[in-house]
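Below is protein-v9.txt, holding compact mmCIF, N, CA and C atoms.
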```txt
# COMPACT_ATOMS: atom_id res chain seq x y z
N MET A 1 0.85 -1.17 0.00
CA MET A 1 0.00 0.00 0.00
C MET A 1 0.89 1.23 0.00
N ARG A 2 0.45 2.27 -0.67
CA ARG A 2 1.18 3.54 -0.78
C ARG A 2 0.44 4.65 -0.05
N VAL A 3 1.19 5.66 0.35
CA VAL A 3 0.63 6.79 1.08
C VAL A 3 -0.54 7.41 0.32
N LYS A 4 -0.42 7.56 -0.99
CA LYS A 4 -1.47 8.23 -1.77
C LYS A 4 -2.81 7.51 -1.69
N GLU A 5 -2.80 6.25 -1.27
CA GLU A 5 -4.04 5.49 -1.18
C GLU A 5 -4.84 5.82 0.08
N ILE A 6 -4.19 6.44 1.08
CA ILE A 6 -4.91 6.75 2.32
C ILE A 6 -4.77 8.20 2.77
N MET A 7 -4.05 9.02 1.99
CA MET A 7 -3.85 10.42 2.40
C MET A 7 -5.11 11.24 2.25
N LYS A 8 -5.16 12.32 2.98
CA LYS A 8 -6.23 13.30 2.86
C LYS A 8 -5.68 14.49 2.09
N SER A 9 -6.49 15.12 1.29
CA SER A 9 -6.07 16.30 0.54
C SER A 9 -5.83 17.45 1.51
N SER A 10 -4.79 18.24 1.25
CA SER A 10 -4.46 19.34 2.14
C SER A 10 -3.86 20.49 1.35
N ARG A 11 -4.05 21.69 1.85
CA ARG A 11 -3.45 22.86 1.24
C ARG A 11 -2.40 23.42 2.19
N GLY A 12 -1.17 23.53 1.69
CA GLY A 12 -0.10 24.17 2.43
C GLY A 12 0.26 23.56 3.77
N SER A 13 1.53 23.50 4.04
CA SER A 13 2.04 23.01 5.31
C SER A 13 3.48 23.47 5.46
N LYS A 14 3.88 23.75 6.67
CA LYS A 14 5.25 24.20 6.90
C LYS A 14 6.13 23.09 7.47
N THR A 15 5.63 21.88 7.49
CA THR A 15 6.38 20.74 8.01
C THR A 15 7.60 20.46 7.15
N LYS A 16 8.75 20.23 7.79
CA LYS A 16 9.96 19.95 7.04
C LYS A 16 10.12 18.46 6.76
N VAL A 17 9.50 17.62 7.56
CA VAL A 17 9.55 16.18 7.33
C VAL A 17 8.36 15.84 6.45
N THR A 18 8.64 15.29 5.27
CA THR A 18 7.58 15.00 4.31
C THR A 18 7.80 13.62 3.69
N VAL A 19 6.78 13.13 3.01
CA VAL A 19 6.87 11.90 2.23
C VAL A 19 6.27 12.16 0.85
N SER A 20 6.61 11.29 -0.08
CA SER A 20 6.02 11.38 -1.41
C SER A 20 4.77 10.50 -1.44
N PRO A 21 3.87 10.71 -2.40
CA PRO A 21 2.66 9.90 -2.48
C PRO A 21 2.95 8.42 -2.71
N ASP A 22 4.12 8.11 -3.27
CA ASP A 22 4.47 6.72 -3.56
C ASP A 22 5.27 6.05 -2.45
N GLU A 23 5.50 6.78 -1.36
CA GLU A 23 6.23 6.22 -0.21
C GLU A 23 5.45 5.08 0.41
N ASN A 24 6.14 4.07 0.86
CA ASN A 24 5.52 2.96 1.57
C ASN A 24 5.03 3.46 2.92
N ILE A 25 3.85 3.02 3.37
CA ILE A 25 3.32 3.53 4.63
C ILE A 25 4.14 3.09 5.83
N ASP A 26 4.92 2.01 5.71
CA ASP A 26 5.84 1.63 6.80
C ASP A 26 6.84 2.76 7.05
N ASN A 27 7.38 3.32 5.98
CA ASN A 27 8.36 4.40 6.10
C ASN A 27 7.71 5.67 6.65
N ALA A 28 6.49 5.95 6.22
CA ALA A 28 5.78 7.12 6.73
C ALA A 28 5.54 6.97 8.24
N ALA A 29 5.14 5.78 8.66
CA ALA A 29 4.90 5.53 10.09
C ALA A 29 6.18 5.69 10.89
N LEU A 30 7.28 5.21 10.36
CA LEU A 30 8.57 5.32 11.04
C LEU A 30 9.01 6.78 11.15
N LEU A 31 8.85 7.55 10.09
CA LEU A 31 9.19 8.97 10.13
C LEU A 31 8.35 9.71 11.17
N MET A 32 7.07 9.42 11.20
CA MET A 32 6.18 10.06 12.17
C MET A 32 6.58 9.70 13.59
N SER A 33 6.89 8.44 13.80
CA SER A 33 7.30 7.98 15.14
C SER A 33 8.63 8.61 15.55
N ASP A 34 9.61 8.56 14.66
CA ASP A 34 10.94 9.11 14.96
C ASP A 34 10.91 10.60 15.25
N ASN A 35 9.97 11.31 14.63
CA ASN A 35 9.88 12.77 14.78
C ASN A 35 8.75 13.20 15.70
N ASN A 36 8.14 12.23 16.40
CA ASN A 36 7.05 12.50 17.35
C ASN A 36 5.97 13.39 16.70
N MET A 37 5.52 12.95 15.53
CA MET A 37 4.53 13.72 14.77
C MET A 37 3.23 12.93 14.70
N SER A 38 2.12 13.63 14.71
CA SER A 38 0.82 12.97 14.57
C SER A 38 0.32 13.01 13.13
N SER A 39 1.02 13.78 12.28
CA SER A 39 0.68 13.82 10.86
C SER A 39 1.93 14.21 10.09
N ILE A 40 1.89 13.96 8.80
CA ILE A 40 3.03 14.28 7.94
C ILE A 40 2.50 14.72 6.59
N SER A 41 3.13 15.74 6.02
CA SER A 41 2.72 16.25 4.72
C SER A 41 3.18 15.31 3.61
N VAL A 42 2.33 15.20 2.60
CA VAL A 42 2.65 14.42 1.41
C VAL A 42 2.98 15.42 0.31
N VAL A 43 4.21 15.34 -0.24
CA VAL A 43 4.69 16.31 -1.20
C VAL A 43 5.03 15.62 -2.52
N ASP A 44 4.54 16.21 -3.61
CA ASP A 44 4.81 15.70 -4.95
C ASP A 44 5.31 16.85 -5.81
N LYS A 45 6.50 16.70 -6.36
CA LYS A 45 7.10 17.73 -7.22
C LYS A 45 7.13 19.09 -6.54
N GLY A 46 7.49 19.08 -5.25
CA GLY A 46 7.63 20.32 -4.50
C GLY A 46 6.36 20.94 -3.97
N LYS A 47 5.22 20.31 -4.21
CA LYS A 47 3.94 20.85 -3.74
C LYS A 47 3.29 19.89 -2.76
N VAL A 48 2.71 20.46 -1.72
CA VAL A 48 1.96 19.65 -0.76
C VAL A 48 0.66 19.22 -1.44
N VAL A 49 0.46 17.91 -1.50
CA VAL A 49 -0.74 17.37 -2.15
C VAL A 49 -1.67 16.67 -1.17
N GLY A 50 -1.23 16.56 0.09
CA GLY A 50 -2.08 15.91 1.07
C GLY A 50 -1.38 15.79 2.41
N VAL A 51 -2.03 15.08 3.30
CA VAL A 51 -1.48 14.83 4.63
C VAL A 51 -1.91 13.43 5.05
N ILE A 52 -1.06 12.77 5.80
CA ILE A 52 -1.38 11.46 6.35
C ILE A 52 -1.23 11.56 7.86
N THR A 53 -2.16 10.98 8.59
CA THR A 53 -2.18 11.09 10.05
C THR A 53 -1.99 9.73 10.70
N LYS A 54 -1.71 9.76 12.01
CA LYS A 54 -1.61 8.50 12.75
C LYS A 54 -2.92 7.72 12.66
N ASP A 55 -4.04 8.43 12.68
CA ASP A 55 -5.34 7.76 12.54
C ASP A 55 -5.43 7.02 11.21
N ASP A 56 -4.91 7.63 10.14
CA ASP A 56 -4.90 6.97 8.83
C ASP A 56 -4.09 5.67 8.90
N LEU A 57 -2.95 5.75 9.58
CA LEU A 57 -2.10 4.56 9.70
C LEU A 57 -2.78 3.47 10.54
N ILE A 58 -3.44 3.88 11.61
CA ILE A 58 -4.14 2.90 12.46
C ILE A 58 -5.25 2.23 11.68
N LYS A 59 -6.01 3.02 10.92
CA LYS A 59 -7.11 2.46 10.12
C LYS A 59 -6.61 1.49 9.06
N ASN A 60 -5.35 1.64 8.66
CA ASN A 60 -4.76 0.79 7.62
C ASN A 60 -3.64 -0.07 8.17
N SER A 61 -3.69 -0.34 9.47
CA SER A 61 -2.60 -1.07 10.13
C SER A 61 -2.40 -2.48 9.62
N ASP A 62 -3.40 -3.07 8.99
CA ASP A 62 -3.23 -4.40 8.41
C ASP A 62 -2.20 -4.39 7.29
N ASP A 63 -1.95 -3.22 6.72
CA ASP A 63 -1.00 -3.10 5.62
C ASP A 63 0.38 -2.63 6.07
N ILE A 64 0.56 -2.39 7.37
CA ILE A 64 1.85 -1.97 7.90
C ILE A 64 2.60 -3.21 8.36
N ASN A 65 3.90 -3.23 8.07
CA ASN A 65 4.75 -4.33 8.49
C ASN A 65 4.68 -4.48 10.01
N GLU A 66 4.37 -5.67 10.48
CA GLU A 66 4.18 -5.88 11.92
C GLU A 66 5.43 -5.60 12.74
N ASP A 67 6.63 -5.65 12.12
CA ASP A 67 7.87 -5.35 12.84
C ASP A 67 7.87 -3.91 13.35
N PHE A 68 7.16 -3.00 12.66
CA PHE A 68 7.09 -1.61 13.09
C PHE A 68 6.53 -1.51 14.50
N PHE A 69 5.51 -2.32 14.81
CA PHE A 69 4.86 -2.25 16.11
C PHE A 69 5.69 -2.90 17.21
N LEU A 70 6.71 -3.67 16.83
CA LEU A 70 7.54 -4.36 17.82
C LEU A 70 8.73 -3.51 18.24
N ASP A 71 9.05 -2.46 17.49
CA ASP A 71 10.20 -1.61 17.82
C ASP A 71 9.93 -0.76 19.04
```
Would you write the structure of this file as structure tokens?
Amino acid sequence: MRVKEIMKSSRGSKTKVTVSPDENIDNAALLMSDNNMSSISVVDKGKVVGVITKDDLIKNSDDINEDFFLD
């Protein structure tokens, strides 16, 4: 599963930690965890095209690598 499949559309964000729409959601979850973030901007070609939240990841947790939850 890719971020673009569960992201919400968003306008503008000043977050420096971002992911691309094609990023694997395991990596997005790890970035959010490592940076103590509850959401992360999705950027494509330099433009914010959406946002993904911890709630989005929880709702799609069946598609996240189970090793992520063991760390």
Write out as a PDB file with N, CA and C atoms, keeping the file's coordinate frame all residues of range 6-61 of chain A that backbone DSSP assigns to strand (DSSP E or B).
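Output (states.pdb):
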```pdb
ATOM      1  N   LYS A   8      -5.160  12.320   2.980  1.00  0.00           N
ATOM      2  CA  LYS A   8      -6.230  13.300   2.860  1.00  0.00           C
ATOM      3  C   LYS A   8      -5.680  14.490   2.090  1.00  0.00           C
ATOM      4  N   THR A  18       8.640  15.290   5.270  1.00  0.00           N
ATOM      5  CA  THR A  18       7.580  15.000   4.310  1.00  0.00           C
ATOM      6  C   THR A  18       7.800  13.620   3.690  1.00  0.00           C
ATOM      7  N   VAL A  19       6.780  13.130   3.010  1.00  0.00           N
ATOM      8  CA  VAL A  19       6.870  11.900   2.230  1.00  0.00           C
ATOM      9  C   VAL A  19       6.270  12.160   0.850  1.00  0.00           C
ATOM     10  N   ASN A  24       6.140   4.070   0.860  1.00  0.00           N
ATOM     11  CA  ASN A  24       5.520   2.960   1.570  1.00  0.00           C
ATOM     12  C   ASN A  24       5.030   3.460   2.920  1.00  0.00           C
ATOM     13  N   SER A  39       1.020  13.780  12.280  1.00  0.00           N
ATOM     14  CA  SER A  39       0.680  13.820  10.860  1.00  0.00           C
ATOM     15  C   SER A  39       1.930  14.210  10.090  1.00  0.00           C
ATOM     16  N   ILE A  40       1.890  13.960   8.800  1.00  0.00           N
ATOM     17  CA  ILE A  40       3.030  14.280   7.940  1.00  0.00           C
ATOM     18  C   ILE A  40       2.500  14.720   6.590  1.00  0.00           C
ATOM     19  N   SER A  41       3.130  15.740   6.020  1.00  0.00           N
ATOM     20  CA  SER A  41       2.720  16.250   4.720  1.00  0.00           C
ATOM     21  C   SER A  41       3.180  15.310   3.610  1.00  0.00           C
ATOM     22  N   VAL A  42       2.330  15.200   2.600  1.00  0.00           N
ATOM     23  CA  VAL A  42       2.650  14.420   1.410  1.00  0.00           C
ATOM     24  C   VAL A  42       2.980  15.420   0.310  1.00  0.00           C
ATOM     25  N   VAL A  43       4.210  15.340  -0.240  1.00  0.00           N
ATOM     26  CA  VAL A  43       4.690  16.310  -1.200  1.00  0.00           C
ATOM     27  C   VAL A  43       5.030  15.620  -2.520  1.00  0.00           C
ATOM     28  N   ASP A  44       4.540  16.210  -3.610  1.00  0.00           N
ATOM     29  CA  ASP A  44       4.810  15.700  -4.950  1.00  0.00           C
ATOM     30  C   ASP A  44       5.310  16.850  -5.810  1.00  0.00           C
ATOM     31  N   LYS A  47       5.220  20.310  -4.210  1.00  0.00           N
ATOM     32  CA  LYS A  47       3.940  20.850  -3.740  1.00  0.00           C
ATOM     33  C   LYS A  47       3.290  19.890  -2.760  1.00  0.00           C
ATOM     34  N   VAL A  48       2.710  20.460  -1.720  1.00  0.00           N
ATOM     35  CA  VAL A  48       1.960  19.650  -0.760  1.00  0.00           C
ATOM     36  C   VAL A  48       0.660  19.220  -1.440  1.00  0.00           C
ATOM     37  N   VAL A  49       0.460  17.910  -1.500  1.00  0.00           N
ATOM     38  CA  VAL A  49      -0.740  17.370  -2.150  1.00  0.00           C
ATOM     39  C   VAL A  49      -1.670  16.670  -1.170  1.00  0.00           C
ATOM     40  N   GLY A  50      -1.230  16.560   0.090  1.00  0.00           N
ATOM     41  CA  GLY A  50      -2.080  15.910   1.070  1.00  0.00           C
ATOM     42  C   GLY A  50      -1.380  15.790   2.410  1.00  0.00           C
ATOM     43  N   VAL A  51      -2.030  15.080   3.300  1.00  0.00           N
ATOM     44  CA  VAL A  51      -1.480  14.830   4.630  1.00  0.00           C
ATOM     45  C   VAL A  51      -1.910  13.430   5.050  1.00  0.00           C
ATOM     46  N   ILE A  52      -1.060  12.770   5.800  1.00  0.00           N
ATOM     47  CA  ILE A  52      -1.380  11.460   6.350  1.00  0.00           C
ATOM     48  C   ILE A  52      -1.230  11.560   7.860  1.00  0.00           C
ATOM     49  N   THR A  53      -2.160  10.980   8.590  1.00  0.00           N
ATOM     50  CA  THR A  53      -2.180  11.090  10.050  1.00  0.00           C
ATOM     51  C   THR A  53      -1.990   9.730  10.700  1.00  0.00           C
TER      52      THR A  53
END
```
Report, in Å to a single decimal, how far apart atom N of Val17 in chain A and CA of Ile58 in chain A are.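 Straight-line distance from CA of Ile58 in chain A to atom N of Val17 in chain A works out to 20.7 Å.
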Near range 25-38 of chain A, counting all atoms listed in the file, which residues have an atom at most 5 Å away, once you skip same-chain residues fewer than 4 positions from it, shown as number ranges by chain? A: 1-3, 53-54
Interatomic distance, atom N of Asp62 in chain A to atom N of Gly46 in chain A (Å, one decimal):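 So the answer is 28.5 Å.
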Please indicate the distance in Å from atom C of Asp44 in chain A to atom C of Asn60 in chain A, rounded to one decimal place.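 For atom C of Asp44 in chain A relative to atom C of Asn60 in chain A, the distance reads 23.7 Å.
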Nearest candidate to Glu23 in chain A (options A:Asp55, A:Val49, A:Lys4, A:Ser61; using all atoms listed in the file):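 Among A:Asp55, A:Val49, A:Lys4, A:Ser61, it is A:Lys4 that comes nearest to Glu23 in chain A.
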